[in-house]
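Dumped target13.txt below, it's compact mmCIF, C-alpha atoms and all ligand atoms:
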```txt
# COMPACT_ATOMS: atom_id res chain seq x y z
CA MET A 1 9.56 -12.82 29.17
CA GLY A 2 12.86 -11.31 28.03
CA GLY A 3 13.22 -10.68 24.32
CA GLU A 4 9.85 -12.02 23.26
CA LEU A 5 8.06 -9.64 20.95
CA LYS A 6 4.64 -8.62 22.18
CA ILE A 7 2.22 -9.03 19.31
CA VAL A 8 -0.66 -7.08 20.86
CA GLU A 9 -0.48 -3.59 22.34
CA GLU A 10 -3.16 -1.11 23.39
CA LYS A 11 -2.43 2.15 21.56
CA LEU A 12 -5.40 4.20 22.81
CA PRO A 13 -8.34 3.20 25.03
CA GLY A 14 -10.08 0.40 23.12
CA ILE A 15 -7.68 0.53 20.13
CA TYR A 16 -5.20 -2.35 19.91
CA VAL A 17 -2.49 -3.11 17.38
CA ILE A 18 -1.77 -6.69 16.41
CA LYS A 19 1.73 -6.94 14.90
CA VAL A 20 1.41 -9.42 12.04
CA PRO A 21 4.85 -10.62 10.82
CA LEU A 22 5.69 -10.35 7.10
CA PRO A 23 8.58 -12.86 6.81
CA GLY A 24 11.32 -11.85 4.40
CA ASN A 25 9.59 -8.56 3.57
CA PRO A 26 11.46 -5.27 4.21
CA LEU A 27 8.26 -3.87 5.81
CA LYS A 28 8.78 -6.47 8.62
CA THR A 29 5.25 -6.36 10.11
CA LEU A 30 1.73 -5.26 9.28
CA ASN A 31 -0.21 -3.30 11.88
CA SER A 32 -3.69 -4.77 12.13
CA TYR A 33 -5.82 -2.55 14.39
CA TYR A 34 -8.71 -3.84 16.47
CA ILE A 35 -11.17 -1.21 17.71
CA ARG A 36 -13.37 -2.62 20.43
CA GLY A 37 -17.03 -1.69 20.06
CA GLY A 38 -20.20 -2.44 21.99
CA ASP A 39 -22.41 -3.94 19.34
CA ARG A 40 -19.85 -4.20 16.53
CA SER A 41 -16.08 -4.00 16.68
CA LEU A 42 -13.85 -3.10 13.76
CA LEU A 43 -10.64 -4.64 12.44
CA VAL A 44 -8.47 -2.48 10.17
CA ASP A 45 -6.36 -4.57 7.70
CA THR A 46 -5.36 -8.22 8.06
CA GLY A 47 -1.96 -9.43 6.72
CA PHE A 48 -0.82 -11.72 3.89
CA ASN A 49 -2.70 -14.90 3.19
CA ARG A 50 0.11 -17.09 4.56
CA GLU A 51 0.42 -19.27 7.62
CA GLU A 52 2.73 -17.02 9.68
CA CYS A 53 0.31 -14.10 9.30
CA ARG A 54 -2.81 -16.16 9.92
CA THR A 55 -1.37 -17.67 13.12
CA ALA A 56 -0.28 -14.27 14.51
CA LEU A 57 -3.55 -12.52 13.66
CA PHE A 58 -5.74 -15.21 15.21
CA LYS A 59 -3.46 -15.44 18.26
CA GLY A 60 -3.74 -11.66 18.72
CA LEU A 61 -7.52 -11.68 18.32
CA GLU A 62 -7.80 -14.57 20.75
CA SER A 63 -5.68 -12.83 23.40
CA LEU A 64 -8.05 -9.85 23.14
CA GLY A 65 -11.06 -12.12 23.59
CA VAL A 66 -12.49 -10.97 20.28
CA SER A 67 -15.84 -12.27 19.14
CA LEU A 68 -15.34 -12.56 15.39
CA VAL A 69 -19.05 -12.71 14.62
CA LYS A 70 -19.39 -9.23 16.15
CA THR A 71 -16.44 -7.78 14.24
CA ASP A 72 -16.46 -6.03 10.89
CA ILE A 73 -13.37 -5.45 8.78
CA ILE A 74 -12.10 -2.53 6.77
CA ILE A 75 -9.33 -2.76 4.19
CA THR A 76 -7.36 0.45 3.60
CA HIS A 77 -6.15 -0.68 0.16
CA LEU A 78 -5.72 -3.55 -2.24
CA HIS A 79 -2.23 -4.77 -1.31
CA ALA A 80 -2.09 -8.39 -0.20
CA ASP A 81 -0.32 -7.57 3.11
CA HIS A 82 -3.47 -5.61 4.02
CA CYS A 83 -6.27 -7.69 2.49
CA GLY A 84 -4.82 -11.20 2.00
CA LEU A 85 -6.46 -12.78 5.05
CA VAL A 86 -9.93 -11.33 4.47
CA THR A 87 -11.48 -14.58 3.30
CA ALA A 88 -9.83 -16.45 6.20
CA VAL A 89 -11.28 -14.06 8.81
CA ALA A 90 -14.66 -13.12 7.32
CA SER A 91 -17.75 -15.26 7.15
CA ASP A 92 -21.27 -14.19 6.14
CA LYS A 93 -21.55 -12.64 9.64
CA ASN A 94 -18.98 -9.97 8.83
CA THR A 95 -19.14 -6.91 6.64
CA VAL A 96 -15.86 -6.18 4.87
CA TYR A 97 -15.51 -2.56 3.79
CA CYS A 98 -13.24 -1.31 1.01
CA SER A 99 -13.25 1.44 -1.62
CA GLU A 100 -15.00 0.64 -4.89
CA VAL A 101 -11.85 1.03 -7.00
CA ASP A 102 -9.60 -1.18 -4.87
CA SER A 103 -12.24 -3.84 -4.18
CA LYS A 104 -12.77 -4.27 -7.92
CA ARG A 105 -9.03 -4.48 -8.49
CA ILE A 106 -8.63 -7.08 -5.70
CA ASN A 107 -11.13 -9.39 -7.36
CA TRP A 108 -9.75 -8.64 -10.85
CA SER A 109 -6.20 -9.54 -9.69
CA LEU A 110 -7.37 -13.07 -8.88
CA SER A 111 -7.66 -13.91 -12.59
CA GLN A 112 -4.74 -15.32 -14.61
CA ASN A 113 -5.55 -12.86 -17.42
CA PHE A 114 -4.83 -9.92 -15.15
CA TRP A 115 -1.25 -11.04 -14.50
CA GLU A 116 -0.50 -11.77 -18.13
CA GLU A 117 -1.66 -8.26 -19.04
CA TYR A 118 0.11 -6.77 -16.03
CA PHE A 119 3.51 -8.22 -16.99
CA ALA A 120 3.01 -7.24 -20.63
CA PHE A 121 2.35 -3.68 -19.38
CA PHE A 122 5.57 -3.69 -17.33
CA GLY A 123 7.36 -5.25 -20.31
CA SER A 124 6.43 -2.21 -22.40
CA TYR A 125 8.40 -0.08 -19.89
CA GLY A 126 11.46 -2.32 -20.36
CA PHE A 127 10.99 -4.77 -17.48
CA PRO A 128 12.58 -8.04 -18.66
CA VAL A 129 10.19 -10.85 -17.89
CA ARG A 130 12.39 -13.71 -19.01
CA ASP A 131 10.43 -16.35 -17.20
CA PHE A 132 6.85 -15.28 -16.86
CA SER A 133 5.74 -18.10 -14.55
CA THR A 134 8.64 -17.49 -12.11
CA ALA A 135 7.89 -13.79 -11.98
CA LEU A 136 4.22 -14.47 -11.41
CA PHE A 137 4.88 -17.05 -8.73
CA LYS A 138 7.21 -14.74 -6.82
CA HIS A 139 4.96 -11.71 -6.85
CA PRO A 140 3.49 -11.33 -3.32
CA ALA A 141 0.30 -9.85 -4.73
CA GLN A 142 -0.30 -13.19 -6.40
CA LYS A 143 1.31 -15.59 -3.94
CA TYR A 144 -0.32 -14.26 -0.74
CA ASN A 145 -3.53 -12.85 -2.14
CA LEU A 146 -7.07 -13.84 -1.12
CA ASP A 147 -7.87 -17.44 -2.03
CA ARG A 148 -11.16 -16.44 -3.71
CA GLU A 149 -13.17 -13.40 -4.69
CA HIS A 150 -14.95 -11.43 -1.98
CA ASP A 151 -18.13 -9.38 -2.04
CA PHE A 152 -16.96 -6.13 -0.39
CA SER A 153 -19.20 -3.39 1.04
CA ILE A 154 -18.24 -0.13 -0.61
CA VAL A 155 -17.27 2.94 1.45
CA ARG A 156 -16.84 6.44 0.03
CA GLU A 157 -15.53 9.86 1.07
CA GLY A 158 -17.37 11.11 4.17
CA ASP A 159 -18.97 7.77 5.13
CA VAL A 160 -18.85 7.15 8.88
CA LEU A 161 -18.17 3.85 10.69
CA GLU A 162 -18.66 3.67 14.44
CA ALA A 163 -16.86 1.39 16.89
CA GLY A 164 -16.89 1.98 20.64
CA ASP A 165 -16.18 5.64 21.37
CA TYR A 166 -14.77 6.21 17.90
CA ARG A 167 -16.52 7.78 14.88
CA LEU A 168 -14.37 7.05 11.88
CA VAL A 169 -14.76 9.13 8.75
CA ILE A 170 -13.60 7.74 5.40
CA VAL A 171 -11.04 9.97 3.67
CA GLU A 172 -10.21 8.97 0.10
CA THR A 173 -6.44 9.22 -0.41
CA PRO A 174 -5.59 7.82 -3.87
CA GLY A 175 -1.90 7.56 -4.81
CA HIS A 176 -0.27 4.55 -3.15
CA THR A 177 -3.14 2.64 -4.76
CA PRO A 178 -5.95 4.09 -6.92
CA GLY A 179 -8.57 3.49 -4.21
CA HIS A 180 -6.56 3.94 -1.01
CA ILE A 181 -8.56 5.19 2.01
CA CYS A 182 -7.68 6.51 5.47
CA LEU A 183 -9.94 6.58 8.55
CA TYR A 184 -10.14 9.87 10.42
CA GLU A 185 -11.52 10.44 13.93
CA PRO A 186 -12.12 14.22 14.07
CA ASP A 187 -12.91 14.45 17.83
CA LYS A 188 -9.98 12.31 18.97
CA LYS A 189 -7.75 13.72 16.18
CA ILE A 190 -6.41 10.36 15.08
CA LEU A 191 -5.83 8.99 11.60
CA PHE A 192 -5.52 5.35 10.51
CA SER A 193 -3.28 6.05 7.53
CA GLY A 194 -2.85 2.62 5.89
CA ASP A 195 0.23 3.02 3.66
CA HIS A 196 -0.56 6.62 2.69
CA ILE A 197 1.70 8.01 5.43
CA LEU A 198 4.39 5.84 7.01
CA GLY A 199 7.00 6.82 9.58
CA ASN A 200 10.55 6.00 8.51
CA ILE A 201 9.73 4.40 5.16
CA THR A 202 8.39 6.03 2.02
CA PRO A 203 5.32 4.43 0.46
CA ASN A 204 5.78 2.83 -2.95
CA ILE A 205 4.08 4.96 -5.60
CA THR A 206 3.69 2.84 -8.69
CA MET A 207 1.91 2.88 -12.01
CA PHE A 208 -1.16 0.64 -12.04
CA TYR A 209 -2.16 -1.26 -15.13
CA LYS A 210 -5.26 0.53 -16.46
CA GLY A 211 -5.00 2.88 -13.45
CA PRO A 212 -4.82 6.68 -13.20
CA PRO A 213 -2.34 8.33 -15.64
CA ASP A 214 -0.34 10.25 -13.00
CA PRO A 215 -0.41 8.43 -9.62
CA LEU A 216 2.36 10.57 -8.09
CA ASP A 217 0.26 13.70 -8.70
CA GLN A 218 -2.68 11.97 -6.99
CA TYR A 219 -0.45 10.95 -4.10
CA LEU A 220 0.92 14.48 -3.57
CA GLN A 221 -2.62 15.89 -3.65
CA SER A 222 -3.72 13.28 -1.09
CA LEU A 223 -0.81 14.35 1.14
CA ASP A 224 -2.05 17.96 0.95
CA LYS A 225 -5.56 16.76 1.77
CA VAL A 226 -4.39 15.05 4.97
CA ASP A 227 -2.17 18.04 5.79
CA ARG A 228 -5.35 20.14 6.11
CA LEU A 229 -6.78 17.83 8.82
CA ASP A 230 -6.33 18.39 12.54
CA ILE A 231 -4.37 15.29 13.63
CA ASP A 232 -2.51 14.51 16.87
CA LEU A 233 -1.66 10.86 16.17
CA VAL A 234 -1.27 8.71 13.05
CA LEU A 235 -1.70 4.94 13.30
CA PRO A 236 0.02 3.65 10.13
CA GLY A 237 -0.14 0.27 8.37
CA HIS A 238 3.51 -0.47 9.16
CA ARG A 239 6.05 0.41 11.86
CA GLN A 240 5.61 3.05 14.57
CA VAL A 241 2.92 5.66 15.24
CA ILE A 242 3.60 9.18 13.93
CA LYS A 243 3.10 12.18 16.20
CA ASP A 244 3.91 15.13 13.94
CA VAL A 245 2.05 14.31 10.74
CA HIS A 246 2.63 17.74 9.18
CA GLN A 247 6.39 17.40 9.52
CA ARG A 248 6.23 13.89 8.06
CA ILE A 249 4.16 15.10 5.11
CA ALA A 250 6.74 17.84 4.43
CA GLU A 251 9.52 15.19 4.52
CA LEU A 252 7.62 12.91 2.15
CA LYS A 253 7.01 15.74 -0.32
CA ARG A 254 10.71 16.64 -0.22
CA HIS A 255 11.62 12.99 -0.81
CA TYR A 256 9.58 12.83 -4.03
CA GLU A 257 10.84 16.24 -5.22
CA ASN A 258 14.41 14.95 -4.79
CA ARG A 259 13.58 11.73 -6.61
CA LEU A 260 12.20 13.67 -9.58
CA ILE A 261 15.42 15.69 -9.74
CA GLU A 262 17.44 12.46 -9.49
CA VAL A 263 15.51 10.96 -12.42
CA LEU A 264 16.19 14.04 -14.59
CA VAL A 265 19.90 13.79 -13.74
CA ILE A 266 19.97 10.05 -14.60
CA LEU A 267 18.31 10.77 -17.96
CA GLY A 268 20.76 13.57 -18.77
CA ASP A 269 20.77 13.81 -22.56
CA ARG A 270 20.13 10.10 -23.07
CA VAL A 271 17.12 8.13 -24.30
CA MET A 272 16.27 5.44 -21.75
CA SER A 273 13.69 2.81 -20.84
CA THR A 274 12.07 3.02 -17.43
CA PHE A 275 13.88 -0.14 -16.37
CA GLN A 276 17.23 1.52 -17.18
CA VAL A 277 16.24 4.63 -15.21
CA ALA A 278 15.14 2.46 -12.26
CA SER A 279 18.53 0.72 -12.20
CA GLY A 280 20.23 4.13 -11.75
CA ILE A 281 18.13 5.39 -8.82
CA LYS A 282 19.64 5.19 -5.31
CA TRP A 283 16.97 3.06 -3.57
CA ASP A 284 16.78 2.90 0.24
CA LEU A 285 17.49 -0.83 0.24
CA THR A 286 20.46 -2.76 1.56
CA TYR A 287 21.35 -4.69 -1.64
CA THR A 288 24.85 -3.89 -2.89
CA SER A 289 23.88 -3.52 -6.54
CA TRP A 290 20.86 -3.47 -8.85
CA ASP A 291 21.62 -7.05 -9.96
CA GLN A 292 21.21 -8.21 -6.34
CA PHE A 293 17.62 -6.96 -6.14
CA PRO A 294 15.13 -9.81 -5.79
CA MET A 295 12.72 -9.95 -8.71
CA GLU A 296 9.79 -8.45 -6.80
CA GLN A 297 11.90 -5.53 -5.47
CA MET A 298 13.06 -4.87 -9.04
CA LEU A 299 9.44 -4.85 -10.12
CA PHE A 300 8.46 -2.38 -7.35
CA ALA A 301 11.42 -0.16 -8.26
CA THR A 302 10.46 -0.20 -11.93
CA GLY A 303 6.83 0.61 -11.07
CA GLU A 304 7.97 3.53 -8.98
CA ALA A 305 10.25 4.78 -11.76
CA ILE A 306 7.28 4.64 -14.17
CA SER A 307 5.29 6.88 -11.81
CA TYR A 308 8.20 9.39 -11.67
CA LEU A 309 8.64 9.46 -15.44
CA GLU A 310 4.90 9.74 -16.12
CA HIS A 311 4.67 12.57 -13.58
CA LEU A 312 7.56 14.39 -15.30
CA ARG A 313 5.83 13.78 -18.63
CA HIS A 314 2.63 15.41 -17.32
CA GLN A 315 4.79 18.33 -16.16
CA GLN A 316 6.23 18.45 -19.70
CA LYS A 317 9.77 17.90 -18.48
CA VAL A 318 10.22 14.60 -20.35
CA ARG A 319 8.75 13.14 -23.51
CA ARG A 320 7.77 9.55 -24.11
CA PHE A 321 7.86 7.73 -27.43
CA GLU A 322 7.52 4.22 -28.72
CA HIS A 323 10.34 2.29 -30.33
CA ASP A 324 10.12 -1.41 -31.27
CA GLY A 325 7.15 -1.90 -28.95
CA HIS A 326 8.97 -0.29 -26.01
CA LEU A 327 8.27 3.02 -24.30
CA LEU A 328 11.34 5.25 -24.07
CA PHE A 329 11.88 8.60 -22.33
CA GLU A 330 14.05 11.65 -22.89
CA ARG A 331 14.25 15.12 -21.38
CA ILE A 332 12.57 18.00 -23.18
ZN ZN A 401 0.49 -1.02 0.51
```
Using the file provided, produce a representation of the structure as C-alpha cells.
Amino acid sequence: MGGELKIVEEKLPGIYVIKVPLPGNPLKTLNSYYIRGGDRSLLVDTGFNREECRTALFKGLESLGVSLVKTDIIITHLHADHCGLVTAVASDKNTVYCSEVDSKRINWSLSQNFWEEYFAFFGSYGFPVRDFSTALFKHPAQKYNLDREHDFSIVREGDVLEAGDYRLVIVETPGHTPGHICLYEPDKKILFSGDHILGNITPNITMFYKGPPDPLDQYLQSLDKVDRLDIDLVLPGHRQVIKDVHQRIAELKRHYENRLIEVLVILGDRVMSTFQVASGIKWDLTYTSWDQFPMEQMLFATGEAISYLEHLRHQQKVRRFEHDGHLLFERI
C-alpha cells in the first residue's frame, strides 16, 4: 500500500505505538503506546479529544485486537494531546493513572473560572487578550480537553505498574508540567518519556498559573535525574525513538542555556514585558514574523519566555517589578 502511513508499529516485543494524528499542530502526531499484558494491558497517553484522534486511536486498538476492559491507562502529563481522550476510552472497568498534581490540574482546567484566571495571569506578563472568548476558544487545552472530570488513580515516584514482561517504575519529572511523569523499565533499559525528552523538538517549558515558581529549574533537574538512569531506548510522546538519551539531554541543556543568553541580549539595558521579550526570541517555527504566529503559538511562546525570565530572576540576573498592573523585567 504505497504511501499510506502505518498507524500501528511494534517497537519492542509486546510494545506497540499507535500514531494518533494532531491535525494542524506542529507536533504532527501523538505516540500512544500499547503494552500487551496477560491479565491487564497498559495504554500510555491517548490524543486530543477530537474526532480525528478518536478514530485513529480506536482503529489502532482494534487492529491490535485489544480488549479495552482488560486495559488500564496511564497519562504522562496534563496536556490535552496526551489526556484528552481519557473519558472516551475509559469506563468503570479501567483504572486511569496520573500524578496527583497533574490530575488535579486536569479537572481544575475544566472550569470556566480557571481560564479567566489563567488569561488574567498571562495578561499580567503583557499578553494582549483583546478578545477573551476567541483566545479561550482557540486554546487546544480548552478545545480538545476531556469532556468531563475524571477520577484518576494517583501514582507516585517509585510506584510499579506491570504489563506483560515489563515492570514500569514511575519517575517523577516535573518541568514540562508540574506533575509530569516518565515510566522506566530498569531491566529492559527503556524509558517512556512523555514530553520530558523529545527527539528533534524541544519541549515547551512554560509558567503555570499557581504552579511552581521556577519551572525551568525543575525541568533541568529532571533532565539530570533521567541522565543518571541506565537507558538504551527512549519512547517519547511525539516523533521518533531516541537511542542516545545522554547526548540528547546534553543538547537540550545547551538549548536552554543558549535561550537564557538570548533573553539577556534581547533585554540589553531596556525594561520590557515578557510579551515583548517573547516577540524578540528566534523560535524554531516556520512563521515569517511574530505577527504571523497563531494566537495559541504566541501564548506558548509567551509562557516559555516567562519561564526563562523567572529562571533568570531566581539566578539574580534580572529583576522584576510592577508598573500599572503589569510585570516588567530588566537586567541587574
Ligand atoms: Zn505536553
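Reported to one decimal place, the separation of atom CA of A:Val101 from atom CA of A:Pro213 is 14.8 Å.
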If I wrap all listed atoms of stretch 65-75 of chain A in a box with edges along x, y and z and add 3 Å on each side, what are its centre and edge lengths in Å to one decimal, as JSON?
```
{"center_x": -14.4, "center_y": -7.6, "center_z": 13.9, "size_x": 16.1, "size_y": 16.2, "size_z": 25.4}
```
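Between ligand ZN 401 (chain A) and the candidates A:Tyr166, A:Tyr34, A:Phe48, A:Phe321, the tightest atom-to-atom separation, counting only C-alpha atoms and all ligand atoms, involves A:Phe48.
Neighbouring residues of A:Val318 at 8 Å or closer, counting only C-alpha atoms and skipping chain neighbours under 2 positions away, are Leu309, Leu312, Arg313, Gln315, Gln316, Arg320, Phe329, Glu330, Arg331 and Ile332 of chain A.
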I'd like the contact shell of A:Met207 - 8 Å cut-off, only C-alpha atoms, skipping same-chain residues fewer than 4 positions apart - returned as an MDAnalysis selection string.
chainID A and resid 211:215 303:304 306:307
Let's have the selection written as a short mmCIF file (atom, residue, chain, number, x, y, z; two decimals), in the frame of the given file, with C-alpha atoms.
```cif
data_model
loop_
_atom_site.label_atom_id
_atom_site.label_comp_id
_atom_site.auth_asym_id
_atom_site.auth_seq_id
_atom_site.Cartn_x
_atom_site.Cartn_y
_atom_site.Cartn_z
CA GLY A 211 -5.00 2.88 -13.45
CA PRO A 212 -4.82 6.68 -13.20
CA PRO A 213 -2.34 8.33 -15.64
CA ASP A 214 -0.34 10.25 -13.00
CA PRO A 215 -0.41 8.43 -9.62
CA GLY A 303 6.83 0.61 -11.07
CA GLU A 304 7.97 3.53 -8.98
CA ILE A 306 7.28 4.64 -14.17
CA SER A 307 5.29 6.88 -11.81
#
```
Could you give me, as a tab-separated table, every chain A residue with an atom at most 10 Å from ligand ZN 401 (chain A), plus its closest atom pair and distance in Å to one decimal, counting only C-alpha atoms and all ligand atoms, rows ordered by chain then number?
```
residue	atom	partner	partner_atom	distance
A:Leu27	CA	A:ZN401	ZN	9.8
A:Leu30	CA	A:ZN401	ZN	9.8
A:Thr76	CA	A:ZN401	ZN	8.6
A:His77	CA	A:ZN401	ZN	6.7
A:Leu78	CA	A:ZN401	ZN	7.2
A:His79	CA	A:ZN401	ZN	5.0
A:Ala80	CA	A:ZN401	ZN	7.8
A:Asp81	CA	A:ZN401	ZN	7.1
A:His82	CA	A:ZN401	ZN	7.0
A:Cys83	CA	A:ZN401	ZN	9.7
A:His176	CA	A:ZN401	ZN	6.7
A:Thr177	CA	A:ZN401	ZN	7.4
A:His180	CA	A:ZN401	ZN	8.8
A:Gly194	CA	A:ZN401	ZN	7.3
A:Asp195	CA	A:ZN401	ZN	5.1
A:His196	CA	A:ZN401	ZN	8.0
A:Pro203	CA	A:ZN401	ZN	7.3
A:Asn204	CA	A:ZN401	ZN	7.4
A:Ile205	CA	A:ZN401	ZN	9.3
A:Gly237	CA	A:ZN401	ZN	8.0
A:His238	CA	A:ZN401	ZN	9.2
```
Produce a file of the selected residues containing C-alpha atoms, as a PDB file, in the frame of the given file.
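And here's result07.pdb as it stands now:
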```
ATOM      1  CA  LEU A  27       8.260  -3.870   5.810  1.00  0.00           C
ATOM      2  CA  LEU A  30       1.730  -5.260   9.280  1.00  0.00           C
ATOM      3  CA  THR A  76      -7.360   0.450   3.600  1.00  0.00           C
ATOM      4  CA  HIS A  77      -6.150  -0.680   0.160  1.00  0.00           C
ATOM      5  CA  LEU A  78      -5.720  -3.550  -2.240  1.00  0.00           C
ATOM      6  CA  HIS A  79      -2.230  -4.770  -1.310  1.00  0.00           C
ATOM      7  CA  ALA A  80      -2.090  -8.390  -0.200  1.00  0.00           C
ATOM      8  CA  ASP A  81      -0.320  -7.570   3.110  1.00  0.00           C
ATOM      9  CA  HIS A  82      -3.470  -5.610   4.020  1.00  0.00           C
ATOM     10  CA  CYS A  83      -6.270  -7.690   2.490  1.00  0.00           C
ATOM     11  CA  HIS A 176      -0.270   4.550  -3.150  1.00  0.00           C
ATOM     12  CA  THR A 177      -3.140   2.640  -4.760  1.00  0.00           C
ATOM     13  CA  HIS A 180      -6.560   3.940  -1.010  1.00  0.00           C
ATOM     14  CA  GLY A 194      -2.850   2.620   5.890  1.00  0.00           C
ATOM     15  CA  ASP A 195       0.230   3.020   3.660  1.00  0.00           C
ATOM     16  CA  HIS A 196      -0.560   6.620   2.690  1.00  0.00           C
ATOM     17  CA  PRO A 203       5.320   4.430   0.460  1.00  0.00           C
ATOM     18  CA  ASN A 204       5.780   2.830  -2.950  1.00  0.00           C
ATOM     19  CA  ILE A 205       4.080   4.960  -5.600  1.00  0.00           C
ATOM     20  CA  GLY A 237      -0.140   0.270   8.370  1.00  0.00           C
ATOM     21  CA  HIS A 238       3.510  -0.470   9.160  1.00  0.00           C
TER      22      HIS A 238
END
```
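Note that the spacing between atom CA of A:Val169 and atom CA of A:Ser153 amounts to 15.4 Å.
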Identify which of the residues A:Val171, A:Val263, A:Val234, A:Val241 lies closest to A:Ser222, counting all atoms listed in the file when measuring atom-to-atom distances.
A:Val171
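The space between atom CA of A:Tyr97 and atom CA of A:Asp72 spans 8.0 Å.
Closest approach to A:Ser91 among A:Tyr118, A:Leu285, A:Asp151, A:Cys53: A:Asp151, based on only C-alpha atoms.
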Residues within 9 Å of A:Thr173, please, as a list in words. Count only C-alpha atoms; anything in the same chain fewer than 6 positions from it doesn't count.
Gly179, His180, Ile181, Cys182, His196, Gln218, Tyr219, Gln221, Ser222, Leu223, Lys225 and Val226 of chain A
Mind completing stretch 269-290 of chain A with N, CA and C atoms? Output as a PDB file, in the coordinates of the input, please?
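What ended up in result-v9.pdb:
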```pdb
ATOM      1  N   ASP A 269      21.188  13.591 -21.162  1.00  0.00           N
ATOM      2  CA  ASP A 269      20.770  13.810 -22.560  1.00  0.00           C
ATOM      3  C   ASP A 269      20.564  12.479 -23.280  1.00  0.00           C
ATOM      4  N   ARG A 270      20.291  11.431 -22.467  1.00  0.00           N
ATOM      5  CA  ARG A 270      20.130  10.100 -23.070  1.00  0.00           C
ATOM      6  C   ARG A 270      18.662   9.737 -23.288  1.00  0.00           C
ATOM      7  N   VAL A 271      18.441   8.737 -24.125  1.00  0.00           N
ATOM      8  CA  VAL A 271      17.120   8.130 -24.300  1.00  0.00           C
ATOM      9  C   VAL A 271      17.154   6.816 -23.526  1.00  0.00           C
ATOM     10  N   MET A 272      16.204   6.622 -22.606  1.00  0.00           N
ATOM     11  CA  MET A 272      16.270   5.440 -21.750  1.00  0.00           C
ATOM     12  C   MET A 272      14.898   4.790 -21.558  1.00  0.00           C
ATOM     13  N   SER A 273      14.928   3.491 -21.262  1.00  0.00           N
ATOM     14  CA  SER A 273      13.690   2.810 -20.840  1.00  0.00           C
ATOM     15  C   SER A 273      13.516   3.059 -19.346  1.00  0.00           C
ATOM     16  N   THR A 274      12.324   2.822 -18.861  1.00  0.00           N
ATOM     17  CA  THR A 274      12.070   3.020 -17.430  1.00  0.00           C
ATOM     18  C   THR A 274      12.921   2.062 -16.591  1.00  0.00           C
ATOM     19  N   PHE A 275      13.079   0.855 -17.097  1.00  0.00           N
ATOM     20  CA  PHE A 275      13.880  -0.140 -16.370  1.00  0.00           C
ATOM     21  C   PHE A 275      15.318   0.349 -16.200  1.00  0.00           C
ATOM     22  N   GLN A 276      15.865   0.968 -17.262  1.00  0.00           N
ATOM     23  CA  GLN A 276      17.230   1.520 -17.180  1.00  0.00           C
ATOM     24  C   GLN A 276      17.297   2.658 -16.169  1.00  0.00           C
ATOM     25  N   VAL A 277      16.277   3.520 -16.173  1.00  0.00           N
ATOM     26  CA  VAL A 277      16.240   4.630 -15.210  1.00  0.00           C
ATOM     27  C   VAL A 277      16.175   4.066 -13.785  1.00  0.00           C
ATOM     28  N   ALA A 278      15.312   3.063 -13.594  1.00  0.00           N
ATOM     29  CA  ALA A 278      15.140   2.460 -12.260  1.00  0.00           C
ATOM     30  C   ALA A 278      16.454   1.908 -11.732  1.00  0.00           C
ATOM     31  N   SER A 279      17.263   1.326 -12.631  1.00  0.00           N
ATOM     32  CA  SER A 279      18.530   0.720 -12.200  1.00  0.00           C
ATOM     33  C   SER A 279      19.539   1.778 -11.746  1.00  0.00           C
ATOM     34  N   GLY A 280      19.305   3.048 -12.118  1.00  0.00           N
ATOM     35  CA  GLY A 280      20.230   4.130 -11.750  1.00  0.00           C
ATOM     36  C   GLY A 280      19.832   4.887 -10.491  1.00  0.00           C
ATOM     37  N   ILE A 281      18.599   4.668 -10.009  1.00  0.00           N
ATOM     38  CA  ILE A 281      18.130   5.390  -8.820  1.00  0.00           C
ATOM     39  C   ILE A 281      18.772   4.799  -7.561  1.00  0.00           C
ATOM     40  N   LYS A 282      19.100   5.672  -6.602  1.00  0.00           N
ATOM     41  CA  LYS A 282      19.640   5.190  -5.310  1.00  0.00           C
ATOM     42  C   LYS A 282      18.467   4.814  -4.410  1.00  0.00           C
ATOM     43  N   TRP A 283      18.112   3.534  -4.371  1.00  0.00           N
ATOM     44  CA  TRP A 283      16.970   3.060  -3.570  1.00  0.00           C
ATOM     45  C   TRP A 283      17.404   2.886  -2.123  1.00  0.00           C
ATOM     46  N   ASP A 284      16.462   3.078  -1.194  1.00  0.00           N
ATOM     47  CA  ASP A 284      16.780   2.900   0.240  1.00  0.00           C
ATOM     48  C   ASP A 284      16.716   1.419   0.617  1.00  0.00           C
ATOM     49  N   LEU A 285      17.470   0.608  -0.062  1.00  0.00           N
ATOM     50  CA  LEU A 285      17.490  -0.830   0.240  1.00  0.00           C
ATOM     51  C   LEU A 285      18.931  -1.248   0.467  1.00  0.00           C
ATOM     52  N   THR A 286      19.115  -2.394   1.122  1.00  0.00           N
ATOM     53  CA  THR A 286      20.460  -2.760   1.560  1.00  0.00           C
ATOM     54  C   THR A 286      21.248  -3.569   0.508  1.00  0.00           C
ATOM     55  N   TYR A 287      20.631  -3.888  -0.636  1.00  0.00           N
ATOM     56  CA  TYR A 287      21.350  -4.690  -1.640  1.00  0.00           C
ATOM     57  C   TYR A 287      22.522  -3.885  -2.196  1.00  0.00           C
ATOM     58  N   THR A 288      23.637  -4.602  -2.472  1.00  0.00           N
ATOM     59  CA  THR A 288      24.850  -3.890  -2.890  1.00  0.00           C
ATOM     60  C   THR A 288      24.751  -3.350  -4.315  1.00  0.00           C
ATOM     61  N   SER A 289      24.019  -4.034  -5.174  1.00  0.00           N
ATOM     62  CA  SER A 289      23.880  -3.520  -6.540  1.00  0.00           C
ATOM     63  C   SER A 289      22.506  -3.886  -7.090  1.00  0.00           C
ATOM     64  N   TRP A 290      22.155  -3.248  -8.202  1.00  0.00           N
ATOM     65  CA  TRP A 290      20.860  -3.470  -8.850  1.00  0.00           C
ATOM     66  C   TRP A 290      20.650  -4.953  -9.164  1.00  0.00           C
TER      67      TRP A 290
END
```
